[in-house]
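Chemist: Structure: protein-v6.txt, compact mmCIF, C-alpha atoms and all ligand atoms.
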```txt
# COMPACT_ATOMS: atom_id res chain seq x y z
CA MET A 1 72.96 121.29 -112.22
CA ALA A 2 72.61 119.01 -109.25
CA PRO A 3 72.62 115.53 -110.67
CA SER A 4 69.16 114.02 -110.76
CA THR A 5 67.68 112.34 -107.72
CA TYR A 6 66.49 109.50 -109.93
CA GLY A 7 67.11 106.22 -108.17
CA LEU A 8 67.98 107.77 -104.82
CA SER A 9 64.60 107.62 -103.09
CA ARG A 10 64.19 104.00 -104.20
CA GLN A 11 67.55 103.19 -102.59
CA TRP A 12 66.73 104.99 -99.35
CA GLN A 13 63.56 102.93 -98.90
CA ARG A 14 65.49 99.67 -99.23
CA ILE A 15 68.30 100.84 -97.02
CA LEU A 16 65.99 101.97 -94.26
CA GLN A 17 65.07 98.32 -93.80
CA ARG A 18 68.58 97.65 -92.55
CA VAL A 19 69.16 100.82 -90.60
CA PRO A 20 70.24 99.21 -87.29
CA SER A 21 73.61 98.01 -88.58
CA LEU A 22 74.23 101.13 -90.64
CA LEU A 23 73.55 103.42 -87.70
CA ASP A 24 76.23 101.74 -85.67
CA TYR A 25 80.01 102.14 -85.92
CA GLN A 26 81.02 100.58 -89.22
CA THR A 27 81.74 96.87 -89.16
CA ASP A 28 84.66 95.41 -91.09
CA ALA A 29 82.16 93.47 -93.22
CA ASP A 30 80.33 96.66 -94.23
CA LEU A 31 83.66 98.41 -94.87
CA VAL A 32 84.75 95.67 -97.29
CA HIS A 33 81.52 96.10 -99.27
CA HIS A 34 82.04 99.83 -99.39
CA LEU A 35 85.65 99.47 -100.50
CA ALA A 36 84.51 97.11 -103.24
CA ALA A 37 82.03 99.75 -104.44
CA GLY A 38 84.90 102.26 -104.37
CA GLN A 39 86.92 99.88 -106.50
CA THR A 40 84.12 99.73 -109.06
CA TRP A 41 83.76 103.54 -109.10
CA LEU A 42 87.51 103.98 -109.50
CA ALA A 43 87.49 101.50 -112.38
CA HIS A 44 84.70 103.61 -113.93
CA CYS A 45 87.12 106.57 -113.63
CA GLY A 46 89.90 104.59 -115.33
CA VAL A 47 91.87 103.67 -112.19
CA SER A 48 92.46 100.09 -111.09
CA SER A 49 93.09 99.47 -107.41
CA GLU A 50 93.47 96.87 -104.71
CA LEU A 51 90.96 97.25 -101.87
CA GLU A 52 93.69 98.11 -99.35
CA CYS A 53 94.67 101.22 -101.35
CA ILE A 54 91.15 102.72 -101.18
CA VAL A 55 90.01 105.18 -98.51
CA PRO A 56 86.35 106.33 -98.44
CA VAL A 57 85.97 110.06 -97.76
CA VAL A 58 83.18 112.59 -97.31
CA GLY A 59 83.52 113.98 -100.85
CA GLY A 60 86.50 115.29 -102.78
CA GLN A 61 87.07 118.33 -100.58
CA HIS A 62 87.42 116.19 -97.46
CA GLY A 63 89.63 113.84 -99.44
CA ILE A 64 92.06 116.62 -100.41
CA MET A 65 92.19 118.04 -96.87
CA SER A 66 92.76 114.54 -95.46
CA VAL A 67 95.68 114.01 -97.85
CA LEU A 68 97.31 117.33 -96.94
CA MET A 69 96.83 116.68 -93.21
CA ALA A 70 98.26 113.19 -93.49
CA LEU A 71 101.31 113.78 -95.65
CA LEU A 72 102.51 117.37 -95.36
CA GLN A 73 104.14 119.10 -92.40
CA PRO A 74 104.09 122.84 -91.63
CA GLY A 75 106.59 124.58 -93.91
CA ASP A 76 106.42 121.92 -96.66
CA LEU A 77 106.08 123.21 -100.21
CA LEU A 78 102.85 122.37 -102.02
CA LEU A 79 102.73 123.12 -105.74
CA ALA A 80 99.56 123.72 -107.74
CA GLU A 81 98.71 124.83 -111.25
CA ALA A 82 99.05 128.62 -111.60
CA LEU A 83 95.26 128.78 -111.99
CA THR A 84 93.72 126.36 -109.55
CA TYR A 85 90.83 125.31 -107.37
CA THR A 86 91.41 128.03 -104.78
CA PRO A 87 90.18 126.21 -101.63
CA ILE A 88 93.52 124.40 -101.92
CA LEU A 89 95.24 127.70 -101.05
CA THR A 90 93.04 128.20 -97.99
CA MET A 91 93.76 124.65 -96.87
CA ALA A 92 97.49 125.23 -97.38
CA ALA A 93 97.34 128.44 -95.35
CA ARG A 94 95.51 126.68 -92.50
CA LEU A 95 98.14 123.94 -92.45
CA ASP A 96 100.97 126.45 -92.63
CA LEU A 97 102.28 125.10 -95.93
CA GLN A 98 104.27 127.07 -98.47
CA THR A 99 102.77 127.16 -101.95
CA GLY A 100 104.20 127.50 -105.44
CA ALA A 101 102.47 128.13 -108.78
CA VAL A 102 103.38 125.88 -111.70
CA ALA A 103 103.12 127.75 -115.00
CA MET A 104 100.49 126.82 -117.57
CA ASP A 105 100.02 127.42 -121.26
CA ASP A 106 97.04 126.82 -123.56
CA ASP A 107 97.52 123.06 -123.23
CA GLY A 108 97.52 123.04 -119.44
CA VAL A 109 100.30 122.75 -116.92
CA VAL A 110 103.84 122.85 -118.35
CA PRO A 111 105.98 119.85 -117.27
CA GLU A 112 109.23 121.85 -117.60
CA ALA A 113 107.87 124.41 -115.13
CA PHE A 114 107.24 121.57 -112.66
CA GLU A 115 110.75 120.29 -113.29
CA ALA A 116 112.18 123.75 -112.61
CA TRP A 117 110.44 123.83 -109.22
CA CYS A 118 111.95 120.43 -108.43
CA ARG A 119 115.40 121.71 -109.36
CA GLU A 120 115.16 124.95 -107.41
CA ALA A 121 113.13 124.00 -104.36
CA ASN A 122 112.05 120.85 -102.63
CA PRO A 123 108.35 120.38 -103.28
CA LYS A 124 106.64 117.73 -101.22
CA ALA A 125 103.47 117.45 -103.29
CA PHE A 126 101.84 118.76 -106.46
CA TYR A 127 98.05 119.19 -106.47
CA LEU A 128 96.57 119.23 -109.98
CA THR A 129 93.39 118.69 -111.98
CA PRO A 130 94.60 117.10 -115.23
CA THR A 131 91.13 116.38 -116.61
CA LEU A 132 88.74 119.29 -117.21
CA GLN A 133 91.20 121.50 -115.38
CA ALA A 134 89.75 123.82 -112.74
CA PRO A 135 89.21 126.52 -113.97
CA THR A 136 90.40 126.39 -117.61
CA THR A 137 88.66 123.07 -118.53
CA VAL A 138 91.76 121.94 -120.47
CA THR A 139 92.48 118.21 -120.40
CA LEU A 140 96.18 117.46 -120.18
CA SER A 141 97.61 115.33 -122.99
CA LYS A 142 98.88 111.79 -122.53
CA GLU A 143 102.43 113.01 -123.23
CA ARG A 144 102.37 115.76 -120.59
CA ARG A 145 100.90 113.32 -118.05
CA ALA A 146 103.74 110.90 -118.71
CA ARG A 147 106.33 113.68 -118.27
CA ILE A 148 104.77 114.90 -115.03
CA ALA A 149 104.65 111.35 -113.67
CA GLU A 150 108.29 110.86 -114.60
CA ILE A 151 109.43 114.15 -112.99
CA ALA A 152 107.44 113.40 -109.82
CA ALA A 153 108.92 109.91 -109.49
CA LYS A 154 112.45 111.17 -110.09
CA ASN A 155 112.15 113.90 -107.46
CA GLY A 156 110.08 112.08 -104.86
CA VAL A 157 107.08 114.44 -105.22
CA ILE A 158 103.60 113.14 -104.38
CA LEU A 159 101.04 113.94 -107.07
CA ILE A 160 97.57 114.73 -105.72
CA GLU A 161 95.33 114.17 -108.72
CA ASP A 162 91.93 115.78 -108.17
CA ASP A 163 89.62 114.11 -110.68
CA VAL A 164 86.20 115.09 -109.36
CA PHE A 165 85.24 116.27 -112.85
CA GLY A 166 86.79 113.25 -114.58
CA PRO A 167 83.57 111.22 -114.89
CA LEU A 168 82.06 113.99 -117.04
CA LYS A 169 84.79 113.72 -119.66
CA SER A 170 84.55 111.19 -122.44
CA ASN A 171 87.66 109.81 -124.18
CA LYS A 172 90.15 111.12 -121.67
CA PRO A 173 93.76 110.00 -121.34
CA ALA A 174 94.57 107.61 -118.50
CA PRO A 175 94.67 109.29 -115.08
CA LEU A 176 98.06 109.93 -113.49
CA ALA A 177 97.11 107.39 -110.81
CA GLN A 178 96.99 104.73 -113.50
CA ILE A 179 100.24 105.83 -115.14
CA ALA A 180 102.12 106.33 -111.86
CA PRO A 181 100.30 104.42 -109.09
CA GLU A 182 103.26 104.59 -106.70
CA THR A 183 103.53 108.38 -106.93
CA THR A 184 99.91 109.51 -107.15
CA ILE A 185 97.04 109.94 -104.74
CA TYR A 186 93.83 109.98 -106.73
CA VAL A 187 90.81 111.93 -105.48
CA ALA A 188 87.46 110.66 -106.80
CA SER A 189 84.03 111.91 -105.86
CA LEU A 190 80.41 111.16 -106.68
CA SER A 191 79.50 114.84 -106.38
CA LYS A 192 79.67 115.94 -110.01
CA ALA A 193 78.19 112.87 -111.65
CA VAL A 194 75.77 111.41 -109.10
CA ALA A 195 74.81 113.71 -106.22
CA PRO A 196 76.85 116.28 -104.25
CA GLY A 197 74.58 115.93 -101.23
CA LEU A 198 75.63 112.30 -100.80
CA ARG A 199 79.11 113.50 -99.75
CA VAL A 200 80.88 110.36 -100.89
CA GLY A 201 84.29 110.14 -102.46
CA PHE A 202 87.21 107.71 -102.59
CA LEU A 203 90.93 108.22 -102.34
CA LYS A 204 93.21 105.76 -104.06
CA ALA A 205 96.71 105.81 -102.60
CA PRO A 206 100.00 104.04 -103.14
CA THR A 207 99.99 101.05 -100.76
CA LYS A 208 102.58 102.63 -98.47
CA LEU A 209 100.48 105.77 -97.88
CA ALA A 210 97.01 104.25 -97.43
CA SER A 211 97.19 103.77 -93.69
CA ALA A 212 98.24 107.41 -93.08
CA LEU A 213 95.19 108.48 -95.09
CA HIS A 214 92.90 106.16 -93.13
CA GLN A 215 94.24 107.73 -89.91
CA SER A 216 93.66 111.24 -91.24
CA VAL A 217 90.04 110.44 -92.11
CA ASN A 218 89.64 108.79 -88.75
CA LEU A 219 90.96 111.91 -87.03
CA SER A 220 88.64 114.26 -88.89
CA VAL A 221 85.32 112.34 -89.06
CA TRP A 222 86.04 109.00 -87.37
CA MET A 223 84.52 107.21 -90.37
CA THR A 224 82.84 108.21 -93.60
CA PRO A 225 79.13 107.74 -92.76
CA PRO A 226 78.16 104.11 -93.50
CA LEU A 227 74.62 105.20 -94.39
CA THR A 228 75.64 107.41 -97.29
CA LEU A 229 78.34 104.95 -98.32
CA GLU A 230 75.66 102.29 -98.49
CA VAL A 231 73.50 104.47 -100.76
CA ALA A 232 76.55 105.09 -102.93
CA ARG A 233 77.41 101.39 -102.98
CA ARG A 234 73.96 100.44 -104.22
CA LEU A 235 73.89 103.19 -106.82
CA ILE A 236 77.29 102.11 -108.10
CA GLU A 237 76.56 98.41 -108.10
CA ASP A 238 73.09 98.46 -109.66
CA GLY A 239 74.34 100.68 -112.50
CA THR A 240 72.39 103.78 -111.45
CA ALA A 241 75.59 105.79 -110.86
CA GLY A 242 76.73 104.97 -114.39
CA GLU A 243 73.34 106.01 -115.81
CA LEU A 244 73.39 109.27 -113.84
CA THR A 245 76.89 109.98 -115.12
CA ALA A 246 75.77 109.45 -118.71
CA GLN A 247 72.77 111.68 -118.07
CA GLN A 248 75.01 114.44 -116.64
CA GLN A 249 77.28 114.15 -119.68
CA ARG A 250 74.28 114.59 -121.99
CA ILE A 251 73.00 117.62 -120.08
CA ALA A 252 76.51 119.13 -120.01
CA LYS A 253 76.87 118.67 -123.77
CA HIS A 254 73.48 120.28 -124.38
CA ARG A 255 74.39 123.24 -122.15
CA GLN A 256 77.80 123.65 -123.79
CA ASN A 257 76.01 123.83 -127.15
CA LEU A 258 73.68 126.49 -125.76
CA VAL A 259 76.66 128.56 -124.61
CA GLN A 260 78.29 128.34 -128.03
CA SER A 261 75.10 129.19 -129.88
CA ILE A 262 74.35 132.20 -127.65
CA LEU A 263 77.88 133.60 -127.13
CA GLY A 264 79.00 132.81 -130.67
CA ILE A 265 81.64 130.57 -132.14
CA GLU A 266 84.22 133.33 -132.04
CA ALA A 267 83.96 133.66 -128.25
CA VAL A 268 83.64 129.90 -127.70
CA PRO A 269 85.47 128.15 -130.56
CA ASN A 270 85.83 124.80 -128.82
CA LEU A 271 83.24 122.91 -126.83
CA SER A 272 84.40 121.32 -123.63
CA ASP A 273 82.82 118.53 -121.62
CA GLY A 274 81.51 119.33 -118.16
CA PHE A 275 79.65 122.32 -116.85
CA HIS A 276 82.20 125.11 -117.07
CA VAL A 277 83.25 127.43 -119.85
CA TRP A 278 86.53 129.33 -119.73
CA LEU A 279 86.26 132.56 -121.65
CA PRO A 280 89.35 134.66 -122.38
CA LEU A 281 87.97 138.18 -122.92
CA PRO A 282 88.43 140.20 -126.11
CA GLU A 283 91.18 142.77 -126.01
CA GLY A 284 90.31 145.83 -124.00
CA TRP A 285 88.14 144.06 -121.45
CA ARG A 286 89.24 143.72 -117.87
CA ALA A 287 87.74 140.68 -116.16
CA ASP A 288 86.75 142.63 -113.03
CA VAL A 289 84.92 145.24 -115.10
CA PHE A 290 83.23 142.54 -117.20
CA SER A 291 82.08 140.59 -114.16
CA SER A 292 80.76 143.70 -112.37
CA GLU A 293 78.80 144.67 -115.48
CA CYS A 294 77.30 141.15 -115.63
CA ALA A 295 76.54 141.31 -111.89
CA ARG A 296 74.82 144.67 -112.34
CA LEU A 297 72.56 142.96 -114.88
CA GLY A 298 71.90 140.06 -112.49
CA VAL A 299 74.34 137.45 -113.85
CA HIS A 300 77.14 136.00 -111.79
CA VAL A 301 80.39 135.03 -113.53
CA SER A 302 83.76 134.20 -111.91
CA GLU A 303 86.80 136.30 -112.69
CA GLY A 304 89.98 134.53 -113.78
CA ARG A 305 91.76 136.34 -110.95
CA SER A 306 89.79 134.41 -108.34
CA PHE A 307 91.59 131.21 -109.45
CA ALA A 308 95.10 132.66 -109.67
CA MET A 309 97.74 131.57 -107.18
CA ASN A 310 99.56 134.85 -107.87
CA ALA A 311 97.34 137.84 -108.60
CA SER A 312 99.96 139.14 -111.05
CA ASP A 313 99.44 136.03 -113.26
CA ALA A 314 95.68 136.53 -113.46
CA PRO A 315 94.43 136.40 -117.04
CA GLU A 316 91.69 138.68 -118.33
CA ALA A 317 89.26 135.78 -118.53
CA ILE A 318 86.11 134.64 -116.83
CA ARG A 319 84.61 131.27 -116.02
CA LEU A 320 80.96 130.54 -116.62
CA CYS A 321 79.29 127.80 -114.66
CA VAL A 322 76.26 126.38 -116.46
CA SER A 323 75.21 123.84 -113.84
CA HIS A 324 73.85 125.96 -110.97
CA GLU A 325 70.86 127.29 -112.84
CA ALA A 326 68.36 124.44 -113.10
CA ASN A 327 65.86 126.39 -115.22
CA GLU A 328 67.02 126.37 -118.83
CA GLU A 329 65.10 129.49 -119.81
CA ARG A 330 66.81 131.44 -117.02
CA LEU A 331 70.18 130.01 -118.08
CA LYS A 332 69.55 131.16 -121.68
CA ARG A 333 68.55 134.62 -120.45
CA GLY A 334 71.74 134.81 -118.35
CA LEU A 335 73.86 133.77 -121.33
CA GLU A 336 72.13 136.33 -123.54
CA ILE A 337 72.96 139.02 -120.98
CA ALA A 338 76.61 137.89 -120.87
CA ALA A 339 76.68 137.83 -124.70
CA GLY A 340 75.27 141.38 -124.73
CA VAL A 341 78.03 142.56 -122.38
CA LEU A 342 80.63 140.81 -124.55
CA GLN A 343 79.44 142.77 -127.55
CA GLN A 344 79.67 146.13 -125.78
CA LYS A 345 82.73 148.30 -126.07
CA PRO A 346 84.70 147.67 -122.86
CA ILE A 347 83.38 150.07 -120.25
CA GLY A 348 86.01 152.56 -119.11
CA SER A 349 88.23 151.72 -122.08
CA SER A 350 90.13 154.60 -123.53
CA MET A 351 90.16 155.36 -127.20
CA LYS A 352 93.25 154.18 -129.02
CA ILE A 353 94.73 156.85 -131.27
C1 LIG A 401 88.15 121.02 -108.59
C2 LIG A 401 87.28 120.62 -107.44
N1 LIG A 401 87.77 119.72 -106.56
C3 LIG A 401 87.05 119.32 -105.50
C4 LIG A 401 85.78 119.80 -105.29
C5 LIG A 401 85.01 119.32 -104.09
O1 LIG A 401 84.17 118.27 -104.48
P1 LIG A 401 83.21 117.51 -103.48
O2 LIG A 401 81.85 118.07 -103.63
O3 LIG A 401 83.29 116.09 -103.89
O4 LIG A 401 83.74 117.72 -102.10
C6 LIG A 401 85.21 120.71 -106.17
C7 LIG A 401 83.87 121.24 -105.96
O5 LIG A 401 83.35 122.05 -106.67
C8 LIG A 401 86.00 121.13 -107.29
O6 LIG A 401 85.51 122.02 -108.17
```
Taking this structure as input, can you express it in the form of structure tokens?
Ligand SMILES: Cc1ncc(COP(=O)(O)O)c(C=O)c1O

Modeler:
Amino acid sequence: MAPSTYGLSRQWQRILQRVPSLLDYQTDADLVHHLAAGQTWLAHCGVSSELECIVPVVGGQHGIMSVLMALLQPGDLLLAEALTYTPILTMAARLDLQTGAVAMDDDGVVPEAFEAWCREANPKAFYLTPTLQAPTTVTLSKERRARIAEIAAKNGVILIEDDVFGPLKSNKPAPLAQIAPETTIYVASLSKAVAPGLRVGFLKAPTKLASALHQSVNLSVWMTPPLTLEVARRLIEDGTAGELTAQQQRIAKHRQNLVQSILGIEAVPNLSDGFHVWLPLPEGWRADVFSSECARLGVHVSEGRSFAMNASDAPEAIRLCVSHEANEERLKRGLEIAAGVLQQKPIGSSMKI
């Protein structure tokens, strides 16, 4: 669900009164205010930072692309979790990077698999989503985070920690950027907790890398629009962003409960935070067949395969997204349809004798 517009129109009215300066190229004075707001948002995400390590970006996606453009050269090896946010693969292809899949288990990415890549190849960076992993929703333990930070530092690998979903998770372990600030570039965004249309995010980089990231942003968009940064700044500083985050967490919890009550505790034994549900399918189901059957009945679900770095690793699982549908009755209907499909005998399955 798009986070509520509560508070936004009020902010626009006030900001319009000072449009002249915000419509110009950004002044250093405005930039400092915006960096300070970034610092507050990062603190809200559990990451402390000096102002000079913060780079405003046009959302998380732009942040990730800016990092790859700034720090990796054609031919460099970029690692990612075996199931990942797939735009990263498209970005890597556009930048002529090599990619490698780091194995996962039920608890998320496996540190020893990362270590093996470091032993056998020469990875430059590792992109990962340790909190509410995309797509499995697993949150990596404190211990695995510490191991990954240690392996990265030992082997000179840059960690690109995408934490756009982080604000939706309560009681999460410290981000990698907090554990290993000299090794990690942290990608924060207001999209999932405040408003995706704002297109505001913040990178937090080790001091030595910040200026390369500033240059990359400069090359792609000259500057993150001061107008939207100013809206974000006010929402962050007057507490509205925090309220919207809490509201999104409440809605997500409610929707997760709906999923569990409609699909059943057997299919969804554990509730996650956030707006996604990862559903390994019962034996006999193929994810492509399941998703086409849902699509035939008017419900869109994402196949596990669409997140796999290597098609051969694709699990027979699907991901449900419970945020797009604003109307709760329609969401319930969609979930009931998916539950109905789940109860069918897998279509095309052969009898076991
Ligand atoms: C894992 C992940 N990272 C990054 C993004 C991009 O976020 P933003 O809207 O801030 O660009 C998304 C968007 O869905 C996402 O799912």

Chemist: Which one of A:Ile88, A:Leu16, A:Ala152, A:Val299 sits closest to ligand LIG 401 (chain A) if you count only C-alpha atoms and all ligand atoms?

Modeler: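 Of the candidates, the smallest distance to ligand LIG 401 (chain A) is held by A:Ile88.
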
Chemist: Please identify every polymer residue within 8 Å of ligand LIG 401 (chain A), using all atoms listed in the file, and present the set as a ChimeraX atom specification.

Modeler: /A:58-64,84-85,129,133-135,162-165,188-192,196-197,199-201

Chemist: Identify, on the basis of all atoms listed in the file, every residue whose closest approach to A:His324 does not exceed 12 Å; exclude the query and any residue fewer than 4 positions from it along the same chain; express the result as a count of residues only.

Modeler: 16

Chemist: Do you have the atom CA of A:Arg144-atom CA of A:Lys172 distance handy?

Modeler: 13.1 Å

Chemist: Can you pull out every residue within 9 Å of stretch 227-238 of chain A, counting only C-alpha atoms, but drop anything in the same chain fewer than 4 positions away, and send it as a PDB file with C-alpha atoms, in the coordinates of the input?

Modeler:
```
ATOM      1  CA  GLY A   7      67.110 106.220-108.170  1.00  0.00           C
ATOM      2  CA  LEU A   8      67.980 107.770-104.820  1.00  0.00           C
ATOM      3  CA  GLN A  11      67.550 103.190-102.590  1.00  0.00           C
ATOM      4  CA  TRP A  12      66.730 104.990 -99.350  1.00  0.00           C
ATOM      5  CA  ILE A  15      68.300 100.840 -97.020  1.00  0.00           C
ATOM      6  CA  VAL A  19      69.160 100.820 -90.600  1.00  0.00           C
ATOM      7  CA  LEU A  22      74.230 101.130 -90.640  1.00  0.00           C
ATOM      8  CA  LEU A  23      73.550 103.420 -87.700  1.00  0.00           C
ATOM      9  CA  ASP A  30      80.330  96.660 -94.230  1.00  0.00           C
ATOM     10  CA  HIS A  33      81.520  96.100 -99.270  1.00  0.00           C
ATOM     11  CA  HIS A  34      82.040  99.830 -99.390  1.00  0.00           C
ATOM     12  CA  LEU A  35      85.650  99.470-100.500  1.00  0.00           C
ATOM     13  CA  ALA A  36      84.510  97.110-103.240  1.00  0.00           C
ATOM     14  CA  ALA A  37      82.030  99.750-104.440  1.00  0.00           C
ATOM     15  CA  GLY A  38      84.900 102.260-104.370  1.00  0.00           C
ATOM     16  CA  THR A  40      84.120  99.730-109.060  1.00  0.00           C
ATOM     17  CA  TRP A  41      83.760 103.540-109.100  1.00  0.00           C
ATOM     18  CA  PRO A  56      86.350 106.330 -98.440  1.00  0.00           C
ATOM     19  CA  LEU A 190      80.410 111.160-106.680  1.00  0.00           C
ATOM     20  CA  VAL A 194      75.770 111.410-109.100  1.00  0.00           C
ATOM     21  CA  LEU A 198      75.630 112.300-100.800  1.00  0.00           C
ATOM     22  CA  ARG A 199      79.110 113.500 -99.750  1.00  0.00           C
ATOM     23  CA  VAL A 200      80.880 110.360-100.890  1.00  0.00           C
ATOM     24  CA  GLY A 201      84.290 110.140-102.460  1.00  0.00           C
ATOM     25  CA  GLY A 242      76.730 104.970-114.390  1.00  0.00           C
TER      26      GLY A 242
END
```

Chemist: In terms of the shortest atom-to-atom distance over only C-alpha atoms, which of A:Val138, A:Ala193, A:Ile262, A:Leu51 is closest to A:Asp105?

Modeler: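 When distances to A:Asp105 are compared using only C-alpha atoms, the smallest one comes from A:Val138.
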
Chemist: Pick out the closest residue to A:Ala317 from this set: A:Asp107, A:Glu283, A:Glu143, A:Glu336. Count only C-alpha atoms.

Modeler: A:Glu283

Chemist: Can you work out which one of A:Leu128, A:Leu71, A:Ala246, A:Leu281 has the shortest atom-to-atom distance to A:His44, counting all atoms listed in the file?

Modeler: A:Ala246
